[in-house]
Every structure is written in structure tokens, then in C-alpha cells.
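Engineer: Here it is, the structure in full.
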Amino acid sequence: MKILVADSVPDNIIGILKADPSWEVVNLPKTKGQIAEEIRDADALLVRSATKVTSQLLENAKRLVVIGRAGVGVDNVDLEAATRKGVLVMNTPGGNAISVAEHTMTLLLAMAHPVAQADASMKAGKWEKKKFTGSELRDKTLGLIGLGTIGTEVARLAQAHKMTVVAYDPYVSAVLATEQNIRLLSLEEVLQTSDFISLHCSLTPETMHLINAKTLVLTKKGVRIINCARGELVDEAALLAALDSGHVAGAGLDVFNAEPPADPRLVKHHNVLATPHIAGSTEEAQQVVGTRIAEQLRDYLLTGAVRNAVNMPAVSPEEFKKLEPYIQLGEKLGTFIAQLADKPIAEVSISYDGGLADLNTHLVKNAVLKGVLGQILAEQINLINAGNLAKARGIEVVEVRSARRAAYANSLGVALQTAGESASVLGMIGLNGSLRILGVNNIDIEAPLKGFLLLIRNQDVPGVIGRVGTLLGQHKINIANFALGRVQDSKEALGLVNVDQKVSAEVLGELRAIPAVRQARIIEIR
């Protein structure tokens, strides 16, 4: 067994990899070898961020079975190529959570007490005592957008400074927040009441440029904003304008839309503290992630135990050929149904019908969970870790196999149960391989499962379809498909409209203003 360590790691990590005396551990930085040569007969590869594991490099690897990335991001590993070769890729999520939380608090404190500016003034030979008046954190309100591992740790640190902590996270239960002495509010309430706002949510189509001109208007004058999560969460032009106007008193930024930033104006602003994406770069964090990945590699090679995998495990070509279309269908159905849930998800129920019920549906199940969790979690979710992430969130997963739906052979159904509410969707593979919806909330309705879908629930009265079509036309939104379904023995109908572009909140508001319309929302299937 040969383990290739491509990037620099502490000696104790090399020791972990020598669990079996017969294993050969090649520490490339010390041997000064060439990775392209050494990887030819390597069984395992450990990298940090420096080594680029490209498809070309993987072609040289004849025996490689596992890659361990000491860190969270795997941008330096070609996951598609690794999966294609049947190479397992593992990372170490959460290993730098404490470091990121502490960096967040460092930026927060440095904005409250202008230490950096005062230090620069002193080094310039000045004594500007009255210029650098700070403010206490005590009794100030910190608003967290996202309450995962890092957000929760930031809350703990802020509470030590006697700050009041409020948070917006639609997928965290009030009980969990209350246990941490955190009050859950709506996004608007967090923006309106917070003296400091810190971002800790994942990047999704909904959170892209979450901090923008419209949301900044809702904030207090003098608010300070911290972002150590993803640069794309902030509309940098809008933030710069708010800083220039004085509405935003300061910003602490570790991440940016482009890295390094293409436009230096925000970084150079006198009320901005900027760091070059180093929140997770501490000696302790690097030690933690290095130790964890070495232990994961060791355990996998010794026992086959898999932890924190980020790609799909190898399957035979025959199995994958049968499962691949249902894996795609499952993920998109999960993505669809999750966007109907407005409360924390308690249960995901998956039903397999016809011939699909006879297959090994483990990957299909995880594909559904990947689609569901991808809408609510910041972690990188895949066909290996989706089940564990669902379990960690307390989501019960129920699988049902049946051959009852003769009319819909090989169909796949997904249902969600939230606090007092439920939603369901049924789909199947079309004759041409297309993915199709067959029903929503037990209403028969057929539509392509792709792109932007406008879901409309309305009273079954004349004129609704015309009003909807006219309104979309007025806003130059093209309709690709308009499907209708009726609730039996009631006066309610459901519409699924495939449109060529995302429907704005303004247009959704106008749709909801139509007297017969009870619900209108846009669902995006990427």
C-alpha cells in the first residue's frame, strides 16, 4: 500500500498514515519527487490546496482508490474525473469552524474599536486620540443570517460580550435556537433590528446578492456588516454605495465576488476592513483538518469506512446505466419539493413504483436527499453524504416500494412533512429520456421538470388562465408550457407554468393580487 502526501503536513500527520508498518508513505515535499511519477503506483493521495488533481494527473494514477483533501473546498480536485475512475474523494468539513467564527468576531470587534485605523495613524507619526472613538458591544444586537455550525459558534462568542443575538434561518427549529439563547426572526426583522449583521448562509439562487440595495434600505443607519461566508452573498456595488452614503458605518470582508477583487474601491474604502480569504487559515485549523483527513484515509484503507465523501462511489457500468436517469429524476424532484417547504423538514418519504421498485435504490434515495438538502444546507452534498446529513438534521427518511401505479410504470414519488404541513410530487422518465412531473400534492398535472416553473394555486373559476398569461406577457416573460390540474370534488385548481426566465418578486406580487389566486411561487430546477 502506497500513500502519497503531495503537500506539506506536520510530521505527526505522517505518523497517522503509518498505521500499518507495511505501508509506504511518500512525503513529496521532503523527497522533492514529481507527483506525476509518484502517483502512478499510489493507492491513496493526500492534498491540501496547492496540488491540482486534474483529469490528466488522474490518468497517470493506475492504482489510486482514494483522495483525501485536508480542508473543505475541493476545487483543486477534478471530481468528475475522480468519480469516472472510481476514486473516492473525502474532505474535512467543519474543521475550521472555530477559526472562521473567531475571525468573524475579530472583524466585528475591530469595527467597534478602530484598532487598525489607530495603529496606522500612530505608525504615520500622528496622535489622533479624539478621532478614534469606539463603541461597546454590550447591549448591541448581532443579527446572524444562517445558523449552522459557524453561525452558532459566532453567537456563543458574541453572547460572551453581552450582545443580544437574533438570527434568520428558515431551516432551523425555534427549539434549537432557544436552547442557544438565540431568537429566530424573519429576514426583514433581522435586517431592521441589528447593529451588526454577519452572514453565515450557503450560496443558492435565493441568497445570491442577499445583501443588496433593497435589503440595505431595511437596515439601521450605522449598521456594520461582516461576511466570512461567500463573497457572492453581497452585491458589492450596493454595499459600496451604502458605505459612501454613510448608511452603512462599516464592513468586515474576508470573501469577495472575485478573488482577488477586480475592483479595488470596496477594499480601499476607509470604513472597510478587508482580509484575503484567511478566516479558516489558522495553525490550529490546519492541524485539525490535516489530522482528520489522515485518520479518514487510514480508516478507509484499513476497514473501508467512509467519512465525509464528496463524490459518488464507484458502481459497475451496468448498474449505473439503469440508475442514472432515476438519480437525475430523484435529485430534481427533491429540489422541486424542497422549494415548496416553508418550515423545517421533519420527514422525507420516497416511493418507488413499477420496475424501479426492484432496483437497488440507495443512490436514488440519496439523490432525492441531495436535492432536498441542497436547498437548505451550506455543506457540499452528494450521493454519499446526503443520508448522513439528513440524519444529522433529524430528518426521518421513509422508503416505500409498490407496483400499484400501473399507469405510471417506474415512477418516483417524493413527499415532505413539515410542522403541520405536507407536500408531494410525482415524476417519471419520459419516452425520450426527459424528466417529467406527473402530479403535485396528489393533483394530476404533467409538465417538464426543468428550468423555471411558476406554481399557481387558484379557485377554479373562469378567466384565471387569461389573467396569468396576460400579466406574464406584459412583463415580457415567455411561457414555454402551461399545465393545469383540478382538485377532484372541489373548486380549486393548480397550474404549472414553465417560463423562460425567473419571475421577480414584483411579478409574483401582482399574480397573488389576482382575486382568484391563492398561491404563486417560482421554483428553479438547475
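Residues are referred to by chain and number: the chain letter is A, B, ... according to the order shown in the C-alpha cells, the number counts from 1 in that chain, and ligands are numbered separately from 1 in the order shown.
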Which polymer residues have any atom within 12 Å of an atom of segment 162-166 of chain A, counting only C-alpha atoms, with same-chain residues fewer than 3 positions away left out, as a ChimeraX atom specification?
Structural biologist: /A:105,108-109,136-147,151-159,169,174,177-178,180-198
Engineer: Enumerate, as an MDAnalysis selection string, the complete set of residues in segment 11-72 of chain A that a backbone-based DSSP assignment places in strand (DSSP E or B).
Structural biologist: chainID A and resid 24:27 44:47 53 66:69
Engineer: Near Asp299 of chain A, within 12 Å and counting only C-alpha atoms, which residues show up once chain neighbours fewer than 5 positions away are dropped, as a list in words?
Structural biologist: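 Here the answer would be Ile16, Leu17, Lys18, Ala19, Asp20, Ala44, Val66, Gly68, Met90, Arg292, Ile293, Ala294, Gly304, Ala305, Val306 and Arg307 of chain A.
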Engineer: Mind writing the picked residues with N, CA and C atoms as an mmCIF file, in the first residue's frame?
Structural biologist:
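The resulting file, part.cif, is shown below:
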data_model
loop_
_atom_site.group_PDB
_atom_site.id
_atom_site.type_symbol
_atom_site.label_atom_id
_atom_site.label_comp_id
_atom_site.auth_asym_id
_atom_site.auth_seq_id
_atom_site.Cartn_x
_atom_site.Cartn_y
_atom_site.Cartn_z
ATOM 1 N N ILE A 16 0.330 9.209 11.518
ATOM 2 C CA ILE A 16 -1.002 8.588 11.466
ATOM 3 C C ILE A 16 -1.116 7.679 10.252
ATOM 4 N N LEU A 17 -0.509 8.112 9.142
ATOM 5 C CA LEU A 17 -0.608 7.345 7.895
ATOM 6 C C LEU A 17 0.255 6.086 7.912
ATOM 7 N N LYS A 18 1.116 5.949 8.911
ATOM 8 C CA LYS A 18 1.965 4.767 9.021
ATOM 9 C C LYS A 18 1.355 3.760 9.993
ATOM 10 N N ALA A 19 0.016 3.701 9.991
ATOM 11 C CA ALA A 19 -0.684 2.787 10.908
ATOM 12 C C ALA A 19 -0.288 1.342 10.657
ATOM 13 N N ASP A 20 -0.058 1.003 9.412
ATOM 14 C CA ASP A 20 0.376 -0.349 9.057
ATOM 15 C C ASP A 20 1.840 -0.271 8.647
ATOM 16 N N ALA A 44 -3.346 5.844 -2.383
ATOM 17 C CA ALA A 44 -4.057 6.956 -1.743
ATOM 18 C C ALA A 44 -3.254 8.233 -1.929
ATOM 19 N N VAL A 66 -8.421 6.373 -3.412
ATOM 20 C CA VAL A 66 -8.983 7.398 -2.546
ATOM 21 C C VAL A 66 -8.093 8.641 -2.551
ATOM 22 N N GLY A 68 -7.695 12.238 -0.267
ATOM 23 C CA GLY A 68 -8.081 12.974 0.934
ATOM 24 C C GLY A 68 -7.677 14.426 0.796
ATOM 25 N N MET A 90 -12.542 12.436 -0.289
ATOM 26 C CA MET A 90 -13.025 12.829 1.027
ATOM 27 C C MET A 90 -12.434 14.178 1.412
ATOM 28 N N ARG A 292 -7.581 15.054 10.751
ATOM 29 C CA ARG A 292 -8.831 14.372 10.386
ATOM 30 C C ARG A 292 -8.710 13.635 9.062
ATOM 31 N N ILE A 293 -8.104 14.280 8.052
ATOM 32 C CA ILE A 293 -8.049 13.613 6.749
ATOM 33 C C ILE A 293 -7.102 12.418 6.802
ATOM 34 N N ALA A 294 -6.027 12.516 7.591
ATOM 35 C CA ALA A 294 -5.120 11.377 7.729
ATOM 36 C C ALA A 294 -5.846 10.207 8.395
ATOM 37 N N GLY A 304 -12.380 0.138 5.212
ATOM 38 C CA GLY A 304 -13.382 0.506 4.219
ATOM 39 C C GLY A 304 -14.371 1.539 4.718
ATOM 40 N N ALA A 305 -14.173 2.054 5.940
ATOM 41 C CA ALA A 305 -15.077 3.069 6.489
ATOM 42 C C ALA A 305 -14.962 4.362 5.682
ATOM 43 N N VAL A 306 -16.092 4.942 5.333
ATOM 44 C CA VAL A 306 -16.112 6.158 4.517
ATOM 45 C C VAL A 306 -16.716 7.288 5.337
ATOM 46 N N ARG A 307 -15.990 8.392 5.451
ATOM 47 C CA ARG A 307 -16.488 9.577 6.140
ATOM 48 C C ARG A 307 -16.232 10.804 5.271
#
Engineer: Write out as a PDB file with N, CA and C atoms, in the first residue's frame the residues lying within 10 Å of Leu233 of chain A, counting only C-alpha atoms and excluding same-chain residues fewer than 4 positions away.
Structural biologist:
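What ended up in part.pdb:
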ATOM      1  N   LEU A 199     -22.971  37.237   7.979  1.00  0.00           N
ATOM      2  CA  LEU A 199     -23.515  36.263   7.028  1.00  0.00           C
ATOM      3  C   LEU A 199     -22.862  34.902   7.219  1.00  0.00           C
ATOM      4  N   HIS A 200     -23.696  33.871   7.346  1.00  0.00           N
ATOM      5  CA  HIS A 200     -23.194  32.511   7.522  1.00  0.00           C
ATOM      6  C   HIS A 200     -24.080  31.491   6.800  1.00  0.00           C
ATOM      7  N   CYS A 201     -24.665  31.906   5.688  1.00  0.00           N
ATOM      8  CA  CYS A 201     -25.555  31.015   4.937  1.00  0.00           C
ATOM      9  C   CYS A 201     -24.848  30.500   3.683  1.00  0.00           C
ATOM     10  N   SER A 202     -25.425  29.496   3.072  1.00  0.00           N
ATOM     11  CA  SER A 202     -24.870  28.945   1.844  1.00  0.00           C
ATOM     12  C   SER A 202     -25.256  29.815   0.660  1.00  0.00           C
ATOM     13  N   LEU A 203     -24.548  29.632  -0.445  1.00  0.00           N
ATOM     14  CA  LEU A 203     -24.863  30.369  -1.660  1.00  0.00           C
ATOM     15  C   LEU A 203     -25.843  29.555  -2.500  1.00  0.00           C
ATOM     16  N   THR A 204     -27.032  30.087  -2.691  1.00  0.00           N
ATOM     17  CA  THR A 204     -28.066  29.473  -3.520  1.00  0.00           C
ATOM     18  C   THR A 204     -28.634  30.555  -4.430  1.00  0.00           C
ATOM     19  N   PRO A 205     -29.457  30.199  -5.397  1.00  0.00           N
ATOM     20  CA  PRO A 205     -30.085  31.254  -6.213  1.00  0.00           C
ATOM     21  C   PRO A 205     -30.845  32.267  -5.370  1.00  0.00           C
ATOM     22  N   GLU A 206     -31.404  31.827  -4.230  1.00  0.00           N
ATOM     23  CA  GLU A 206     -32.167  32.732  -3.374  1.00  0.00           C
ATOM     24  C   GLU A 206     -31.262  33.650  -2.563  1.00  0.00           C
ATOM     25  N   THR A 207     -30.055  33.197  -2.213  1.00  0.00           N
ATOM     26  CA  THR A 207     -29.171  34.013  -1.377  1.00  0.00           C
ATOM     27  C   THR A 207     -28.140  34.791  -2.180  1.00  0.00           C
ATOM     28  N   MET A 208     -28.087  34.579  -3.487  1.00  0.00           N
ATOM     29  CA  MET A 208     -27.174  35.351  -4.326  1.00  0.00           C
ATOM     30  C   MET A 208     -27.482  36.840  -4.163  1.00  0.00           C
ATOM     31  N   HIS A 209     -26.473  37.635  -3.774  1.00  0.00           N
ATOM     32  CA  HIS A 209     -26.639  39.077  -3.543  1.00  0.00           C
ATOM     33  C   HIS A 209     -27.792  39.344  -2.571  1.00  0.00           C
ATOM     34  N   LEU A 210     -27.836  38.545  -1.507  1.00  0.00           N
ATOM     35  CA  LEU A 210     -28.850  38.732  -0.467  1.00  0.00           C
ATOM     36  C   LEU A 210     -28.750  40.126   0.133  1.00  0.00           C
ATOM     37  N   ILE A 211     -27.524  40.594   0.323  1.00  0.00           N
ATOM     38  CA  ILE A 211     -27.313  41.976   0.758  1.00  0.00           C
ATOM     39  C   ILE A 211     -27.197  42.832  -0.487  1.00  0.00           C
ATOM     40  N   ASN A 212     -28.239  43.606  -0.750  1.00  0.00           N
ATOM     41  CA  ASN A 212     -28.300  44.412  -1.966  1.00  0.00           C
ATOM     42  C   ASN A 212     -28.929  45.755  -1.649  1.00  0.00           C
ATOM     43  N   ASN A 227     -18.822  39.584   6.461  1.00  0.00           N
ATOM     44  CA  ASN A 227     -19.018  38.438   5.573  1.00  0.00           C
ATOM     45  C   ASN A 227     -17.747  37.601   5.512  1.00  0.00           C
ATOM     46  N   ALA A 229     -18.366  34.245   4.736  1.00  0.00           N
ATOM     47  CA  ALA A 229     -19.002  33.045   4.174  1.00  0.00           C
ATOM     48  C   ALA A 229     -18.694  32.921   2.683  1.00  0.00           C
ATOM     49  N   VAL A 255     -14.261  37.602   2.173  1.00  0.00           N
ATOM     50  CA  VAL A 255     -14.558  36.953   0.894  1.00  0.00           C
ATOM     51  C   VAL A 255     -15.153  37.981  -0.060  1.00  0.00           C
ATOM     52  N   PHE A 256     -14.985  37.731  -1.360  1.00  0.00           N
ATOM     53  CA  PHE A 256     -15.373  38.707  -2.361  1.00  0.00           C
ATOM     54  C   PHE A 256     -15.961  38.019  -3.583  1.00  0.00           C
ATOM     55  N   ASN A 257     -16.702  38.784  -4.393  1.00  0.00           N
ATOM     56  CA  ASN A 257     -17.303  38.220  -5.608  1.00  0.00           C
ATOM     57  C   ASN A 257     -16.241  37.614  -6.514  1.00  0.00           C
TER      58      ASN A 257
END
Engineer: Can you work out which one of A:Leu58, A:Leu4, A:Val172, A:Ile350 has the shortest atom-to-atom distance to Gly394 of chain A, counting only C-alpha atoms?
Structural biologist: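 Counting only C-alpha atoms, the residue closest to Gly394 of chain A is A:Val172.
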Engineer: Quick one: residues within 12 Å of Thr335 of chain A, only C-alpha atoms counted, chain neighbours fewer than 6 positions away excluded, as a CSV table (one decimal) with N, CA and C atoms, in the first residue's frame?
Structural biologist:
chain,number,residue,atom,x,y,z
A,204,THR,N,-27.0,30.1,-2.7
A,204,THR,CA,-28.1,29.5,-3.5
A,204,THR,C,-28.6,30.6,-4.4
A,328,GLN,N,-31.0,11.3,-11.6
A,328,GLN,CA,-31.2,12.7,-12.1
A,328,GLN,C,-32.7,13.1,-11.7
A,329,LEU,N,-33.6,12.2,-11.9
A,329,LEU,CA,-35.0,12.5,-11.6
A,329,LEU,C,-35.2,12.7,-10.1
A,341,ALA,N,-41.5,23.9,0.7
A,341,ALA,CA,-41.5,23.8,2.1
A,341,ALA,C,-41.1,25.2,2.7
A,367,ALA,N,-30.0,10.7,-4.0
A,367,ALA,CA,-30.2,11.8,-4.9
A,367,ALA,C,-31.3,12.7,-4.5
A,368,VAL,N,-32.4,12.1,-4.1
A,368,VAL,CA,-33.6,12.8,-3.6
A,368,VAL,C,-33.1,13.7,-2.4
A,369,LEU,N,-32.4,13.1,-1.5
A,369,LEU,CA,-32.0,13.9,-0.3
A,369,LEU,C,-31.0,15.0,-0.7
A,370,LYS,N,-30.2,14.7,-1.7
A,370,LYS,CA,-29.3,15.7,-2.2
A,370,LYS,C,-30.0,16.9,-2.7
A,371,GLY,N,-31.1,16.6,-3.5
A,371,GLY,CA,-31.9,17.7,-4.0
A,371,GLY,C,-32.6,18.5,-2.9
A,372,VAL,N,-33.1,17.8,-1.9
A,372,VAL,CA,-33.8,18.4,-0.8
A,372,VAL,C,-32.9,19.3,0.0
A,373,LEU,N,-31.8,18.7,0.5
A,373,LEU,CA,-30.8,19.3,1.4
A,373,LEU,C,-30.1,20.4,0.7
A,374,GLY,N,-29.9,20.3,-0.6
A,374,GLY,CA,-29.2,21.3,-1.4
A,374,GLY,C,-29.9,22.7,-1.3
A,375,GLN,N,-31.1,22.7,-1.0
A,375,GLN,CA,-31.9,23.9,-0.9
A,375,GLN,C,-31.8,24.6,0.5
A,376,ILE,N,-31.3,23.8,1.5
A,376,ILE,CA,-31.3,24.3,2.8
A,376,ILE,C,-30.0,24.3,3.6
A,414,VAL,N,-42.0,11.7,-4.2
A,414,VAL,CA,-41.3,12.3,-3.1
A,414,VAL,C,-42.3,13.2,-2.3
A,415,ALA,N,-42.4,13.0,-1.0
A,415,ALA,CA,-43.3,13.8,-0.1
A,415,ALA,C,-42.5,14.3,1.0
A,416,LEU,N,-42.8,15.5,1.5
A,416,LEU,CA,-42.2,16.1,2.6
A,416,LEU,C,-43.2,16.4,3.7
A,424,SER,N,-46.2,17.0,-1.8
A,424,SER,CA,-45.8,15.8,-2.6
A,424,SER,C,-45.6,16.1,-4.0
A,425,VAL,N,-44.8,15.3,-4.7
A,425,VAL,CA,-44.6,15.4,-6.1
A,425,VAL,C,-44.3,14.1,-6.7
A,449,LEU,N,-39.9,18.8,-16.1
A,449,LEU,CA,-39.2,19.1,-14.8
A,449,LEU,C,-37.9,19.7,-15.1
A,450,LYS,N,-37.9,21.0,-15.4
A,450,LYS,CA,-36.7,21.7,-15.8
A,450,LYS,C,-36.9,23.2,-15.7
A,451,GLY,N,-35.8,23.9,-15.6
A,451,GLY,CA,-35.8,25.4,-15.7
A,451,GLY,C,-36.6,26.0,-14.6
A,452,PHE,N,-37.4,27.1,-15.0
A,452,PHE,CA,-38.2,27.8,-14.0
A,452,PHE,C,-39.6,27.4,-14.2
A,453,LEU,N,-40.2,27.0,-13.0
A,453,LEU,CA,-41.6,26.6,-13.0
A,453,LEU,C,-42.4,27.6,-12.1
A,523,ILE,N,-40.3,28.2,-8.8
A,523,ILE,CA,-39.4,27.0,-8.5
A,523,ILE,C,-38.3,26.9,-9.6
A,524,GLU,N,-37.1,26.8,-9.1
A,524,GLU,CA,-36.0,26.7,-10.1
A,524,GLU,C,-35.4,25.4,-10.0
A,525,ILE,N,-35.3,24.7,-11.2
A,525,ILE,CA,-34.6,23.4,-11.3
A,525,ILE,C,-33.4,23.6,-12.2
A,526,ARG,N,-32.2,23.6,-11.5
A,526,ARG,CA,-31.0,23.8,-12.2
A,526,ARG,C,-30.5,22.5,-12.8
Engineer: Excluding segment 277-283 of chain A and any residue of its chain fewer than 6 positions from it, enumerate the residues within 9 Å of it, using only C-alpha atoms, and give them as a PDB file with N, CA and C atoms, in the first residue's frame.
Structural biologist:
ATOM      1  N   GLY A  95     -13.880  21.496  10.068  1.00  0.00           N
ATOM      2  CA  GLY A  95     -12.623  21.515  10.795  1.00  0.00           C
ATOM      3  C   GLY A  95     -12.126  22.913  11.114  1.00  0.00           C
ATOM      4  N   ASN A  96     -12.566  23.894  10.327  1.00  0.00           N
ATOM      5  CA  ASN A  96     -12.113  25.273  10.568  1.00  0.00           C
ATOM      6  C   ASN A  96     -13.217  26.169  11.115  1.00  0.00           C
ATOM      7  N   ALA A  97     -14.287  25.561  11.644  1.00  0.00           N
ATOM      8  CA  ALA A  97     -15.440  26.345  12.101  1.00  0.00           C
ATOM      9  C   ALA A  97     -15.057  27.341  13.196  1.00  0.00           C
ATOM     10  N   ILE A  98     -14.256  26.902  14.155  1.00  0.00           N
ATOM     11  CA  ILE A  98     -13.851  27.785  15.252  1.00  0.00           C
ATOM     12  C   ILE A  98     -13.029  28.942  14.706  1.00  0.00           C
ATOM     13  N   SER A  99     -12.120  28.643  13.796  1.00  0.00           N
ATOM     14  CA  SER A  99     -11.269  29.695  13.227  1.00  0.00           C
ATOM     15  C   SER A  99     -12.088  30.733  12.483  1.00  0.00           C
ATOM     16  N   VAL A 100     -13.067  30.288  11.694  1.00  0.00           N
ATOM     17  CA  VAL A 100     -13.902  31.232  10.941  1.00  0.00           C
ATOM     18  C   VAL A 100     -14.739  32.069  11.903  1.00  0.00           C
ATOM     19  N   ALA A 101     -15.273  31.428  12.935  1.00  0.00           N
ATOM     20  CA  ALA A 101     -16.074  32.171  13.912  1.00  0.00           C
ATOM     21  C   ALA A 101     -15.226  33.216  14.631  1.00  0.00           C
ATOM     22  N   GLU A 102     -14.010  32.851  15.016  1.00  0.00           N
ATOM     23  CA  GLU A 102     -13.139  33.807  15.698  1.00  0.00           C
ATOM     24  C   GLU A 102     -12.742  34.957  14.771  1.00  0.00           C
ATOM     25  N   HIS A 103     -12.505  34.644  13.504  1.00  0.00           N
ATOM     26  CA  HIS A 103     -12.165  35.706  12.548  1.00  0.00           C
ATOM     27  C   HIS A 103     -13.346  36.667  12.381  1.00  0.00           C
ATOM     28  N   THR A 104     -14.541  36.095  12.363  1.00  0.00           N
ATOM     29  CA  THR A 104     -15.742  36.926  12.280  1.00  0.00           C
ATOM     30  C   THR A 104     -15.801  37.892  13.462  1.00  0.00           C
ATOM     31  N   CYS A 228     -17.803  36.444   6.158  1.00  0.00           N
ATOM     32  CA  CYS A 228     -16.718  35.459   6.090  1.00  0.00           C
ATOM     33  C   CYS A 228     -17.238  34.168   5.465  1.00  0.00           C
ATOM     34  N   LEU A 253     -14.827  42.252   5.612  1.00  0.00           N
ATOM     35  CA  LEU A 253     -14.980  41.315   4.498  1.00  0.00           C
ATOM     36  C   LEU A 253     -13.756  40.415   4.368  1.00  0.00           C
ATOM     37  N   ASP A 254     -13.994  39.116   4.364  1.00  0.00           N
ATOM     38  CA  ASP A 254     -12.929  38.142   4.133  1.00  0.00           C
ATOM     39  C   ASP A 254     -13.091  37.456   2.783  1.00  0.00           C
ATOM     40  N   VAL A 255     -14.261  37.602   2.173  1.00  0.00           N
ATOM     41  CA  VAL A 255     -14.558  36.953   0.894  1.00  0.00           C
ATOM     42  C   VAL A 255     -15.153  37.981  -0.060  1.00  0.00           C
ATOM     43  N   PHE A 256     -14.985  37.731  -1.360  1.00  0.00           N
ATOM     44  CA  PHE A 256     -15.373  38.707  -2.361  1.00  0.00           C
ATOM     45  C   PHE A 256     -15.961  38.019  -3.583  1.00  0.00           C
ATOM     46  N   GLU A 259     -11.932  36.837  -6.528  1.00  0.00           N
ATOM     47  CA  GLU A 259     -10.767  36.799  -5.637  1.00  0.00           C
ATOM     48  C   GLU A 259      -9.498  36.535  -6.446  1.00  0.00           C
TER      49      GLU A 259
END
Engineer: Where in segment 190-253 of chain A does DSSP assign helix (DSSP H, G or I), given as a PyMOL selection string?
Structural biologist: chain A and resi 190-193+213-218+231-233+236-245
Engineer: Could you please take those selected residues and save C-alpha atoms as an mmCIF file, in the first residue's frame?
Structural biologist:
data_model
loop_
_atom_site.group_PDB
_atom_site.id
_atom_site.type_symbol
_atom_site.label_atom_id
_atom_site.label_comp_id
_atom_site.auth_asym_id
_atom_site.auth_seq_id
_atom_site.Cartn_x
_atom_site.Cartn_y
_atom_site.Cartn_z
ATOM 1 C CA VAL A 190 -33.113 40.766 11.460
ATOM 2 C CA LEU A 191 -32.173 43.486 8.980
ATOM 3 C CA GLN A 192 -34.269 46.103 10.755
ATOM 4 C CA THR A 193 -33.153 45.416 14.337
ATOM 5 C CA ALA A 213 -29.692 47.894 -2.441
ATOM 6 C CA LYS A 214 -33.221 46.853 -1.407
ATOM 7 C CA THR A 215 -32.232 44.892 1.690
ATOM 8 C CA LEU A 216 -29.737 47.541 2.801
ATOM 9 C CA VAL A 217 -32.562 50.097 2.872
ATOM 10 C CA LEU A 218 -34.203 47.969 5.583
ATOM 11 C CA GLY A 231 -18.475 36.741 -1.484
ATOM 12 C CA GLU A 232 -21.464 36.359 -3.776
ATOM 13 C CA LEU A 233 -23.866 36.874 -0.878
ATOM 14 C CA GLU A 236 -20.550 44.816 -3.724
ATOM 15 C CA ALA A 237 -21.663 47.851 -5.731
ATOM 16 C CA ALA A 238 -24.690 48.314 -3.462
ATOM 17 C CA LEU A 239 -22.551 47.922 -0.346
ATOM 18 C CA LEU A 240 -20.032 50.469 -1.644
ATOM 19 C CA ALA A 241 -22.817 52.965 -2.307
ATOM 20 C CA ALA A 242 -24.233 52.438 1.191
ATOM 21 C CA LEU A 243 -20.772 52.959 2.698
ATOM 22 C CA ASP A 244 -20.268 56.139 0.677
ATOM 23 C CA SER A 245 -23.642 57.497 1.812
#
Engineer: Have a look at A:Pro114, A:Gln339, A:Asp7, A:Val53 and name the one nearest to Glu128 of chain A; count only C-alpha atoms.
Structural biologist: A:Pro114
Engineer: Using only C-alpha atoms, which residues sit within 7 Å of segment 427-434 of chain A once same-chain residues fewer than 3 positions away are excluded, as a list of chain:residue names?
Structural biologist: A:Asn410, A:Ser411, A:Leu412, A:Gly413, A:Ile437, A:Leu438
